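File shown: final27.cif (mmCIF, C-alpha atoms).
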data_upload
loop_
_atom_site.label_atom_id
_atom_site.label_comp_id
_atom_site.auth_asym_id
_atom_site.auth_seq_id
_atom_site.Cartn_x
_atom_site.Cartn_y
_atom_site.Cartn_z
CA MET A 1 138.57 -21.28 -75.06
CA GLU A 2 138.24 -18.81 -72.20
CA TYR A 3 140.58 -18.25 -69.29
CA LEU A 4 140.08 -16.55 -66.01
CA TRP A 5 143.36 -14.99 -64.86
CA GLN A 6 144.34 -14.15 -61.34
CA ALA A 7 147.63 -13.46 -59.69
CA GLY A 8 149.56 -16.75 -59.59
CA GLY A 9 148.15 -18.23 -62.84
CA ILE A 10 144.96 -19.62 -64.39
CA VAL A 11 142.21 -20.43 -61.93
CA SER A 12 139.52 -21.56 -64.33
CA ALA A 13 139.12 -22.28 -68.03
CA THR A 14 136.73 -23.95 -70.41
CA GLY A 15 137.91 -26.17 -73.33
CA PRO A 16 138.66 -29.78 -74.45
CA LEU A 17 139.42 -32.38 -71.72
CA LYS A 18 142.16 -35.11 -71.59
CA ASN A 19 141.96 -37.53 -68.62
CA GLY A 20 139.73 -35.00 -66.98
CA ILE A 21 142.29 -32.17 -67.34
CA LEU A 22 141.94 -29.19 -69.60
CA VAL A 23 144.44 -29.72 -72.52
CA ASP A 24 144.93 -25.98 -73.15
CA HIS A 25 145.48 -25.47 -69.44
CA ILE A 26 148.42 -27.92 -69.52
CA VAL A 27 149.93 -26.28 -72.62
CA VAL A 28 149.71 -22.82 -71.04
CA GLU A 29 151.31 -24.05 -67.79
CA VAL A 30 154.23 -25.70 -69.64
CA THR A 31 154.79 -22.57 -71.76
CA MET A 32 154.77 -20.38 -68.66
CA ARG A 33 157.25 -22.63 -66.89
CA ARG A 34 159.59 -22.50 -69.90
CA ALA A 35 159.28 -18.74 -70.12
CA LEU A 36 160.05 -18.49 -66.42
CA ILE A 37 163.20 -20.64 -66.82
CA VAL A 38 164.36 -18.54 -69.79
CA VAL A 39 163.84 -15.32 -67.83
CA LEU A 40 165.66 -16.79 -64.84
CA VAL A 41 168.63 -17.93 -66.96
CA LEU A 42 168.84 -14.51 -68.63
CA PHE A 43 168.67 -12.79 -65.26
CA VAL A 44 171.42 -14.94 -63.72
CA GLY A 45 173.59 -14.59 -66.85
CA ALA A 46 173.24 -10.84 -66.86
CA GLY A 47 174.06 -10.77 -63.15
CA ILE A 48 177.25 -12.78 -63.64
CA ALA A 49 178.31 -10.65 -66.61
CA TRP A 50 177.70 -7.48 -64.61
CA ALA A 51 179.57 -8.74 -61.57
CA SER A 52 182.62 -10.00 -63.45
CA GLY A 53 182.74 -7.36 -66.15
CA THR A 54 183.14 -8.16 -69.83
CA LYS A 55 186.28 -10.08 -70.62
CA LYS A 56 188.91 -7.97 -72.33
CA ARG A 57 190.32 -9.16 -75.62
CA LYS A 58 193.99 -10.08 -75.32
CA LEU A 59 195.79 -7.77 -77.71
CA PRO A 60 198.50 -9.00 -80.07
CA PRO A 61 201.95 -7.65 -79.07
CA TYR A 62 202.08 -5.00 -81.82
CA GLU A 63 198.73 -3.57 -80.72
CA PHE A 64 199.58 -3.37 -77.02
CA GLY A 65 199.91 0.29 -76.05
CA SER A 66 198.18 1.56 -79.18
CA VAL A 67 195.87 4.48 -78.57
CA THR A 68 193.13 5.53 -80.96
CA ILE A 69 192.44 9.26 -80.97
CA ASN A 70 189.33 10.47 -82.68
CA ASN A 71 188.31 13.84 -81.26
CA TYR A 72 188.18 15.71 -84.55
CA SER A 73 189.62 13.41 -87.24
CA GLN A 74 186.44 11.92 -88.62
CA GLN A 75 184.65 15.27 -88.50
CA SER A 76 187.39 16.54 -90.81
CA GLY A 77 187.11 13.57 -93.15
CA MET A 78 190.24 11.83 -91.91
CA PRO A 79 190.54 8.39 -90.30
CA PRO A 80 191.24 8.40 -86.54
CA VAL A 81 194.83 8.61 -85.35
CA VAL A 82 196.37 5.35 -84.15
CA PHE A 83 199.24 6.24 -81.87
CA ASP A 84 201.80 3.51 -81.19
CA HIS A 85 203.54 3.92 -77.85
CA TRP A 86 206.27 1.43 -78.76
CA VAL A 87 207.55 3.67 -81.56
CA HIS A 88 207.91 6.66 -79.27
CA ARG A 89 209.04 5.18 -76.00
CA GLN A 90 212.27 3.91 -77.51
CA TYR A 91 213.27 7.58 -77.99
CA PHE A 92 211.59 9.50 -75.17
CA THR A 93 210.70 9.16 -71.49
CA CYS A 94 207.01 9.17 -70.52
CA ARG A 95 207.65 12.45 -68.70
CA LEU A 96 208.79 14.32 -71.76
CA CYS A 97 205.50 13.78 -73.60
CA HIS A 98 203.08 13.70 -70.68
CA VAL A 99 204.55 16.61 -68.70
CA ASP A 100 206.64 18.82 -70.97
CA ILE A 101 204.58 18.46 -74.13
CA GLY A 102 201.34 18.25 -72.21
CA PHE A 103 199.67 15.06 -73.43
CA GLY A 104 197.00 13.74 -71.05
CA MET A 105 197.09 10.26 -69.62
CA THR A 106 193.89 8.99 -71.23
CA ALA A 107 193.11 8.58 -74.90
CA GLY A 108 191.35 11.61 -76.33
CA ALA A 109 191.70 13.68 -73.15
CA THR A 110 194.09 16.19 -74.75
CA LYS A 111 191.83 17.00 -77.70
CA VAL A 112 194.72 17.66 -80.05
CA ARG A 113 193.78 19.59 -83.19
CA ALA A 114 195.69 19.69 -86.46
CA VAL A 115 196.23 23.42 -85.94
CA ASP A 116 197.95 22.73 -82.58
CA ASN A 117 200.39 20.41 -84.32
CA MET A 118 200.99 22.91 -87.09
CA LYS A 119 201.90 25.55 -84.48
CA GLY A 120 204.58 23.22 -83.11
CA TYR A 121 202.75 21.91 -80.07
CA TYR A 122 201.82 18.30 -79.14
CA CYS A 123 202.83 15.99 -82.04
CA GLY A 124 204.19 19.04 -83.83
CA ALA A 125 206.80 19.53 -81.10
CA CYS A 126 208.81 16.77 -82.81
CA HIS A 127 206.91 16.14 -86.04
CA ASN A 128 207.96 19.46 -87.52
CA GLY A 129 209.98 18.30 -90.50
CA ARG A 130 213.16 19.59 -88.86
CA MET A 131 213.87 17.23 -86.01
CA ASN A 132 216.07 14.19 -86.48
CA ALA A 133 215.71 10.83 -84.73
CA SER A 134 218.16 8.01 -85.44
CA LYS A 135 219.66 10.12 -88.24
CA THR A 136 216.29 10.28 -89.97
CA LYS A 137 214.23 13.42 -90.39
CA VAL A 138 210.98 13.18 -88.43
CA PHE A 139 208.07 13.70 -90.80
CA GLU A 140 205.94 16.81 -90.41
CA ALA A 141 202.52 16.42 -88.81
CA CYS A 142 199.37 17.97 -90.29
CA ALA A 143 198.96 20.61 -92.98
CA LYS A 144 196.14 22.86 -94.12
CA GLU A 145 196.37 21.60 -97.66
CA TYR A 146 197.87 18.41 -98.94
CA SER A 147 198.55 16.75 -102.25
CA ARG A 148 198.04 13.11 -103.14
CA GLU A 149 201.71 12.58 -102.33
CA ASP A 150 201.37 14.32 -98.94
CA TYR A 151 198.43 12.09 -98.08
CA LYS A 152 200.87 9.18 -97.69
CA ARG A 153 202.32 11.16 -94.79
CA CYS A 154 198.87 11.76 -93.28
CA VAL A 155 198.04 8.05 -93.17
CA LYS A 156 201.18 7.36 -91.17
CA CYS A 157 199.12 8.55 -88.17
CA HIS A 158 195.58 8.66 -89.52
CA ALA A 159 195.61 4.94 -90.12
CA LEU A 160 192.91 3.62 -92.41
CA GLU A 161 193.48 0.06 -91.31
CA ARG A 162 196.14 -2.09 -89.66
CA ASP A 163 199.27 -1.69 -91.69
CA ALA A 164 201.18 -4.93 -92.31
CA ALA A 165 204.42 -2.97 -92.80
CA ARG A 166 203.97 -1.30 -89.42
CA GLU A 167 203.38 -4.68 -87.81
CA GLU A 168 206.49 -6.06 -89.44
CA GLU A 169 208.45 -3.04 -88.28
CA PHE A 170 207.33 -3.77 -84.72
CA TYR A 171 208.47 -7.38 -84.85
CA ARG A 172 211.81 -6.37 -86.39
CA PHE A 173 212.35 -3.92 -83.53
CA ALA A 174 211.09 -6.35 -80.86
CA ASP A 175 213.56 -8.98 -82.06
CA THR A 176 216.44 -6.74 -81.02
CA MET A 177 215.03 -6.07 -77.55
CA PRO A 178 215.09 -8.09 -74.30
CA LYS A 179 212.04 -10.30 -74.07
CA GLU A 180 209.06 -10.07 -71.76
CA ARG A 181 206.25 -12.56 -71.25
CA PHE A 182 203.32 -10.17 -71.43
CA GLY A 183 202.27 -6.87 -72.98
CA ASN A 184 204.14 -6.18 -76.19
CA GLY A 185 206.79 -8.73 -75.29
CA ILE A 186 209.54 -6.13 -74.76
CA ASN A 187 211.28 -5.61 -71.43
CA TRP A 188 211.81 -1.85 -71.67
CA GLU A 189 213.53 -1.57 -68.33
CA LYS A 190 216.14 -4.11 -69.32
CA ALA A 191 216.46 -2.52 -72.75
CA GLU A 192 217.46 0.74 -71.12
CA GLU A 193 219.78 -0.97 -68.63
CA GLU A 194 221.55 -2.70 -71.50
CA GLY A 195 221.85 0.57 -73.40
CA LEU A 196 219.70 -0.61 -76.28
CA ILE A 197 217.45 2.41 -75.87
CA LYS A 198 218.40 5.84 -74.53
CA PRO A 199 215.14 7.73 -73.98
CA LEU A 200 215.53 11.50 -74.09
CA ASP A 201 214.10 13.42 -71.16
CA GLN A 202 214.53 16.96 -72.46
CA LEU A 203 213.51 18.64 -75.66
CA GLU A 204 215.15 21.92 -76.58
CA GLY A 205 212.72 24.79 -76.70
CA VAL A 206 210.05 22.77 -74.92
CA SER A 207 211.46 21.39 -71.68
CA ILE A 208 212.45 23.45 -68.69
CA MET A 209 216.05 22.93 -67.71
CA LYS A 210 215.83 21.61 -64.17
CA ALA A 211 218.16 20.41 -61.47
CA LYS A 212 218.90 16.72 -61.66
CA LEU A 213 216.27 14.71 -59.84
CA LYS A 214 217.47 13.20 -56.58
CA VAL A 215 217.52 9.40 -56.82
CA GLN A 216 214.47 8.10 -55.01
CA GLN A 217 214.66 5.08 -52.78
CA ASP A 218 212.74 1.96 -53.76
CA PHE A 219 210.40 0.73 -51.05
CA SER A 220 208.34 -2.31 -50.24
CA LEU A 221 204.56 -2.50 -50.01
CA LYS A 222 202.87 -5.23 -48.02
CA SER A 223 200.89 -7.71 -50.06
CA LYS A 224 197.29 -8.16 -48.97
CA VAL A 225 197.06 -11.78 -50.05
CA GLU A 226 198.68 -14.41 -47.87
CA GLY A 227 201.48 -16.25 -49.63
CA MET A 228 201.90 -13.55 -52.26
CA PRO A 229 205.36 -11.91 -52.02
CA ASP A 230 205.42 -8.22 -51.04
CA ILE A 231 205.90 -5.57 -53.71
CA ILE A 232 209.21 -3.82 -54.21
CA PHE A 233 208.16 -0.56 -55.76
CA SER A 234 210.83 0.79 -58.07
CA HIS A 235 210.53 4.45 -57.12
CA ARG A 236 213.89 5.17 -58.72
CA LYS A 237 212.86 3.82 -62.12
CA HIS A 238 209.46 5.50 -61.97
CA THR A 239 210.88 8.92 -61.15
CA VAL A 240 213.50 8.69 -63.89
CA TRP A 241 210.85 7.96 -66.49
CA ASN A 242 207.96 9.99 -65.09
CA GLY A 243 209.30 12.75 -62.87
CA CYS A 244 207.24 13.58 -59.76
CA GLU A 245 204.32 15.55 -61.16
CA LEU A 246 203.05 12.87 -63.50
CA CYS A 247 202.06 10.60 -60.59
CA HIS A 248 201.68 13.04 -57.68
CA PRO A 249 199.08 14.08 -56.74
CA GLU A 250 196.88 13.14 -59.70
CA ILE A 251 197.38 9.37 -59.49
CA PHE A 252 198.84 8.88 -56.01
CA VAL A 253 197.71 11.37 -53.42
CA GLY A 254 200.06 10.53 -50.57
CA ILE A 255 203.65 11.37 -49.93
CA LYS A 256 204.07 8.96 -47.08
CA LYS A 257 204.11 5.27 -47.95
CA GLY A 258 200.68 3.74 -47.51
CA THR A 259 198.69 6.98 -47.74
CA SER A 260 196.96 5.92 -50.97
CA LYS A 261 194.86 2.88 -50.12
CA TYR A 262 194.01 0.71 -53.07
CA SER A 263 193.28 -2.87 -54.01
CA MET A 264 194.02 -5.02 -57.03
CA VAL A 265 190.40 -4.58 -58.11
CA GLU A 266 190.97 -0.84 -58.46
CA LEU A 267 194.26 -1.38 -60.28
CA PHE A 268 192.58 -3.69 -62.79
CA ASP A 269 189.91 -1.03 -63.10
CA GLY A 270 192.54 1.36 -64.49
CA LYS A 271 193.22 3.36 -61.34
CA TYR A 272 196.55 3.95 -59.57
CA CYS A 273 199.19 1.65 -61.15
CA GLY A 274 196.49 0.65 -63.64
CA VAL A 275 196.64 4.09 -65.27
CA CYS A 276 199.75 2.87 -67.14
CA HIS A 277 200.11 -0.83 -66.37
CA ASP A 278 197.84 -2.91 -68.60
CA LYS A 279 197.54 -0.12 -71.15
CA VAL A 280 201.11 0.82 -72.02
CA ALA A 281 203.47 -0.48 -69.34
CA PHE A 282 203.66 -4.21 -68.64
CA PRO A 283 200.32 -5.71 -67.64
CA GLN A 284 199.39 -6.45 -64.06
CA THR A 285 198.84 -10.10 -64.86
CA ASP A 286 202.65 -10.34 -64.78
CA CYS A 287 202.50 -10.63 -60.97
CA GLN A 288 206.19 -11.37 -60.50
CA ARG A 289 207.28 -8.05 -61.95
CA CYS A 290 205.98 -6.22 -58.86
CA HIS A 291 205.59 -8.91 -56.19
CA THR A 292 209.30 -9.53 -56.03
CA LYS A 293 210.27 -9.44 -52.36
CA PRO A 294 211.62 -12.84 -51.34
CA VAL A 295 209.28 -14.60 -48.89
CA MET B 1 206.32 68.82 -99.39
CA MET B 2 203.45 66.33 -99.54
CA ARG B 3 205.93 63.47 -99.79
CA THR B 4 207.72 64.65 -96.69
CA THR B 5 204.45 64.91 -94.77
CA ALA B 6 203.44 61.37 -95.80
CA LEU B 7 206.84 60.09 -94.80
CA MET B 8 206.60 61.91 -91.51
CA ARG B 9 203.28 60.23 -90.84
CA MET B 10 204.49 56.81 -91.92
CA VAL B 11 207.55 56.77 -89.71
CA PRO B 12 205.68 57.12 -86.39
CA ALA B 13 203.05 54.64 -87.61
CA ALA B 14 205.75 52.10 -88.45
CA CYS B 15 207.42 52.73 -85.11
CA LEU B 16 204.13 52.20 -83.33
CA LEU B 17 203.47 48.97 -85.20
CA LEU B 18 206.97 47.75 -84.51
CA SER B 19 206.69 48.58 -80.84
CA VAL B 20 203.34 46.76 -80.59
CA CYS B 21 204.83 43.68 -82.25
CA LEU B 22 207.95 43.83 -80.12
CA SER B 23 206.01 44.36 -76.92
CA LYS B 24 203.83 41.31 -77.73
CA ALA B 25 206.92 39.22 -78.43
CA TYR B 26 208.58 40.61 -75.34
CA GLY B 27 205.46 39.93 -73.30
CA ASP B 28 205.38 36.34 -74.55
CA GLU B 29 209.01 35.95 -73.65
CA VAL B 30 208.46 37.39 -70.20
CA TRP B 31 205.64 35.07 -69.16
CA ARG B 32 207.40 32.08 -70.72
CA ALA B 33 210.57 32.85 -68.76
CA GLU B 34 208.49 33.23 -65.62
CA PHE B 35 206.81 29.89 -66.33
CA ASP B 36 210.17 28.17 -66.86
CA ASP B 37 211.48 29.61 -63.62
CA ALA B 38 208.38 28.92 -61.51
CA CYS B 39 208.06 25.32 -62.66
CA ALA B 40 211.75 24.50 -62.56
CA LYS B 41 211.67 23.41 -58.95
CA THR B 42 209.63 20.23 -59.35
CA THR B 43 212.72 18.02 -59.24
CA ASP B 44 213.82 19.29 -55.81
CA VAL B 45 210.37 20.04 -54.44
CA MET B 46 210.93 18.01 -51.28
CA THR B 47 213.84 20.22 -50.22
CA LEU B 48 211.79 23.45 -50.43
CA SER B 49 210.57 25.19 -47.28
CA VAL B 50 206.92 25.97 -46.61
CA ASP B 51 207.54 29.64 -47.44
CA GLU B 52 209.28 28.82 -50.70
CA LEU B 53 206.45 26.52 -51.70
CA GLY B 54 203.89 29.19 -50.84
CA ALA B 55 205.75 31.72 -52.99
CA LEU B 56 205.93 29.31 -55.93
CA ILE B 57 202.20 28.58 -55.69
CA GLY B 58 201.53 32.32 -55.73
CA ARG B 59 203.65 32.71 -58.85
CA CYS B 60 201.79 29.84 -60.53
CA GLU B 61 198.45 31.49 -59.72
CA ARG B 62 199.57 34.80 -61.20
CA LEU B 63 200.91 33.03 -64.27
CA GLN B 64 197.62 31.22 -64.73
CA LYS B 65 195.89 34.55 -65.32
CA VAL B 66 198.42 35.47 -68.01
CA VAL B 67 198.25 32.07 -69.71
CA GLU B 68 194.46 32.28 -69.78
CA GLN B 69 194.78 35.29 -72.09
CA GLN B 70 196.88 33.45 -74.70
CA ASP B 71 195.56 31.83 -77.87
CA GLU B 72 193.74 28.50 -77.59
CA THR B 73 196.69 26.21 -78.30
CA VAL B 74 199.12 27.96 -75.97
CA ARG B 75 196.42 28.18 -73.31
CA LYS B 76 195.67 24.46 -73.52
CA VAL B 77 199.30 23.36 -73.38
CA PHE B 78 200.51 25.73 -70.69
CA LEU B 79 197.48 25.52 -68.43
CA LYS B 80 197.98 21.76 -68.32
CA ARG B 81 201.71 22.13 -67.64
CA LEU B 82 201.13 24.81 -65.04
CA GLN B 83 198.46 22.71 -63.35
CA LEU B 84 200.86 19.77 -63.04
CA CYS B 85 203.58 21.81 -61.37
CA LYS B 86 201.23 23.86 -59.19
CA ASP B 87 199.43 20.73 -57.98
CA LEU B 88 202.75 19.18 -57.02
CA TYR B 89 203.74 22.26 -54.99
CA VAL B 90 200.34 22.36 -53.27
CA TYR B 91 200.51 18.68 -52.53
CA VAL B 92 203.98 18.86 -50.98
CA LEU B 93 203.03 21.98 -49.03
CA GLU B 94 199.97 20.25 -47.57
CA ALA B 95 202.05 17.22 -46.66
CA LYS B 96 204.61 19.43 -44.92
CA ASN B 97 201.93 21.34 -43.04
CA ASN B 98 200.26 18.10 -41.94
CA GLU B 99 203.56 16.80 -40.70
CA LYS B 100 204.13 20.00 -38.72
CA LEU B 101 200.69 19.66 -37.13
CA ARG B 102 201.34 16.06 -36.19
CA LYS B 103 204.55 17.08 -34.40
#
For this file, write the structure as structure tokens.
Amino acid sequence: MEYLWQAGGIVSATGPLKNGILVDHIVVEVTMRRALIVVLVLFVGAGIAWASGTKKRKLPPYEFGSVTINNYSQQSGMPPVVFDHWVHRQYFTCRLCHVDIGFGMTAGATKVRAVDNMKGYYCGACHNGRMNASKTKVFEACAKEYSREDYKRCVKCHALERDAAREEEFYRFADTMPKERFGNGINWEKAEEEGLIKPLDQLEGVSIMKAKLKVQQDFSLKSKVEGMPDIIFSHRKHTVWNGCELCHPEIFVGIKKGTSKYSMVELFDGKYCGVCHDKVAFPQTDCQRCHTKPV
Amino acid sequence: MMRTTALMRMVPAACLLLSVCLSKAYGDEVWRAEFDDACAKTTDVMTLSVDELGALIGRCERLQKVVEQQDETVRKVFLKRLQLCKDLYVYVLEAKNNEKLRK
């Protein structure tokens, strides 16, 4: 069987005939059509996936806000660090860790080394074996040498796998807190209002003693979608937990209302409010937490 | 006689060593106190005048040079902290200047 190819398909061939048509010619045409459909379907599928982005896995409540840090751990033969925000935010404001202690706002950005912790910086600012939280001594982070017994302390942060005890601890804690529909299921704002948590904003020897922050006024932001209530931005709550320098100018560049122009697409992309909301603070799918102004 | 000479040599050496150690500790304390003072105004930044903001930015810039000479951990922590407070001062200063221009 011989074919003569030209752009657009087969123009002539020699082989067995069926009803005056070349049998091989028909087979080749059908195969080509199928291949074309497969390519087309793949192309359209890839296009849709690219346009919509890959769907994020919905995290179980105890995993929401967990950050995996693996800058140097595996190189040193240790499992990566799994940092649980829920454990820490019941004791401290965001500002204390992200401004005074100097942790970055994205996982792995700080590049914390064991030696930094041992010198009393980063995790070591509290995990120094001397500090007390809830009448319990905070375990010491990182050591140059460790025994088999010490290793139990290492795996508190360098988690080998999901710890069932840790998960249980989360649910025990969450049971005592006001409920929330999304995220880790805890309404932290309400928890503080009700006095269930009292996050510290200063750490002796680390924080700078400053004048008390002037209470900031909440303000409204116009919703861009018709029918969607406007946003009441809780500036007061945000400044109490974050201070000024955590958000300005790195996340929000304007002082005047409306200077930073952004859309929900950007927020879902992890910019602006999305730097915290969706990752640690309540997710943006909980529309009514922000779009609260009565219509 | 030899013992006295050795002792006489050791005393100044010890004094020198002590003074080096103390001056390092003192130096650390000095820049840390300057850092605490320069970055203490972030809570009332909006009440500061343009001149005050300019002075604070200048202090942050001078401090940056000192922090850059510290060991890696201290450098990493304090450059980040200094950056946060300096950026806030710069940002408020620019906003105030823009407002002045608009008027």
Nearby residues (all atoms listed in the file) at most 8 Å from Gly108 of chain A, same-chain spacing under 3 positions excluded, as a short mmCIF file (atom, residue, chain, number, x, y, z; two decimals) with C-alpha atoms, in the coordinates of the input:
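Generated output (part-v1.cif):
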data_model
loop_
_atom_site.label_atom_id
_atom_site.label_comp_id
_atom_site.auth_asym_id
_atom_site.auth_seq_id
_atom_site.Cartn_x
_atom_site.Cartn_y
_atom_site.Cartn_z
CA THR A 68 193.13 5.53 -80.96
CA ILE A 69 192.44 9.26 -80.97
CA ASN A 70 189.33 10.47 -82.68
CA ASN A 71 188.31 13.84 -81.26
CA LYS A 111 191.83 17.00 -77.70
CA VAL A 112 194.72 17.66 -80.05
#
Proximal residues of chain B relative to chain A (all atoms listed in the file; 12 Å) as number ranges by chain: B: 32-47, 71-96, 98-99
Between atom CA of Glu266 of chain A and atom CA of Phe92 of chain A, what is the distance in Å, rounded to a tenth?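 These two atoms are separated by 28.5 Å.
For the atom pair formed by atom CA of Gly27 of chain B and atom CA of Ala13 of chain B, the distance is 20.7 Å, given to one decimal.
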Translate the PyMOL selection byres ((chain A and resi 223-229) around 8) into a concrete residue list for this structure, as a JSON list (two decimals) with C-alpha atoms, in the frame of the given file.
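Saved the output as selection.json:
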[["chain", "number", "residue", "atom", "x", "y", "z"],
["A", 221, "LEU", "CA", 204.56, -2.50, -50.01],
["A", 222, "LYS", "CA", 202.87, -5.23, -48.02],
["A", 230, "ASP", "CA", 205.42, -8.22, -51.04],
["A", 231, "ILE", "CA", 205.90, -5.57, -53.71],
["A", 291, "HIS", "CA", 205.59, -8.91, -56.19],
["A", 292, "THR", "CA", 209.30, -9.53, -56.03],
["A", 293, "LYS", "CA", 210.27, -9.44, -52.36],
["A", 294, "PRO", "CA", 211.62, -12.84, -51.34],
["A", 295, "VAL", "CA", 209.28, -14.60, -48.89]]
Distance of atom CA of Val138 of chain A from atom CA of Met177 of chain A, expressed in Å to one decimal place: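 Between atom CA of Met177 of chain A and atom CA of Val138 of chain A the gap works out to 22.5 Å.
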Evaluate the PyMOL selection byres ((chain A and resi 183) around 7) on the structure here and hand back the selected residues as a list in words.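 That selection, the PyMOL selection byres ((chain A and resi 183) around 7), comes back as Pro61, Phe64, Phe182, Asn184, Gly185, Phe282 and Pro283 of chain A.
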Residues around (194.8, 3.4, -58.4), cut-off 10 Å, counting only C-alpha atoms - what are they as JSON, numbers by chain? {"A": [251, 252, 253, 260, 261, 262, 263, 264, 265, 266, 267, 268, 269, 270, 271, 272, 273, 274, 275]}
Just need the box for segment 164-179 of chain A, edges along x, y and z, holding every atom the file lists for it with 5 Å tacked onto each side, so centre and edge lengths in Å to one decimal, as JSON.
{"center_x": 208.8, "center_y": -5.8, "center_z": -83.4, "size_x": 25.3, "size_y": 19.0, "size_z": 28.7}
Between A:Arg148, A:Lys198, A:Arg181, A:Arg162, which residue has the minimum interatomic distance to Ser66 of chain A, considering all atoms listed in the file? A:Arg162
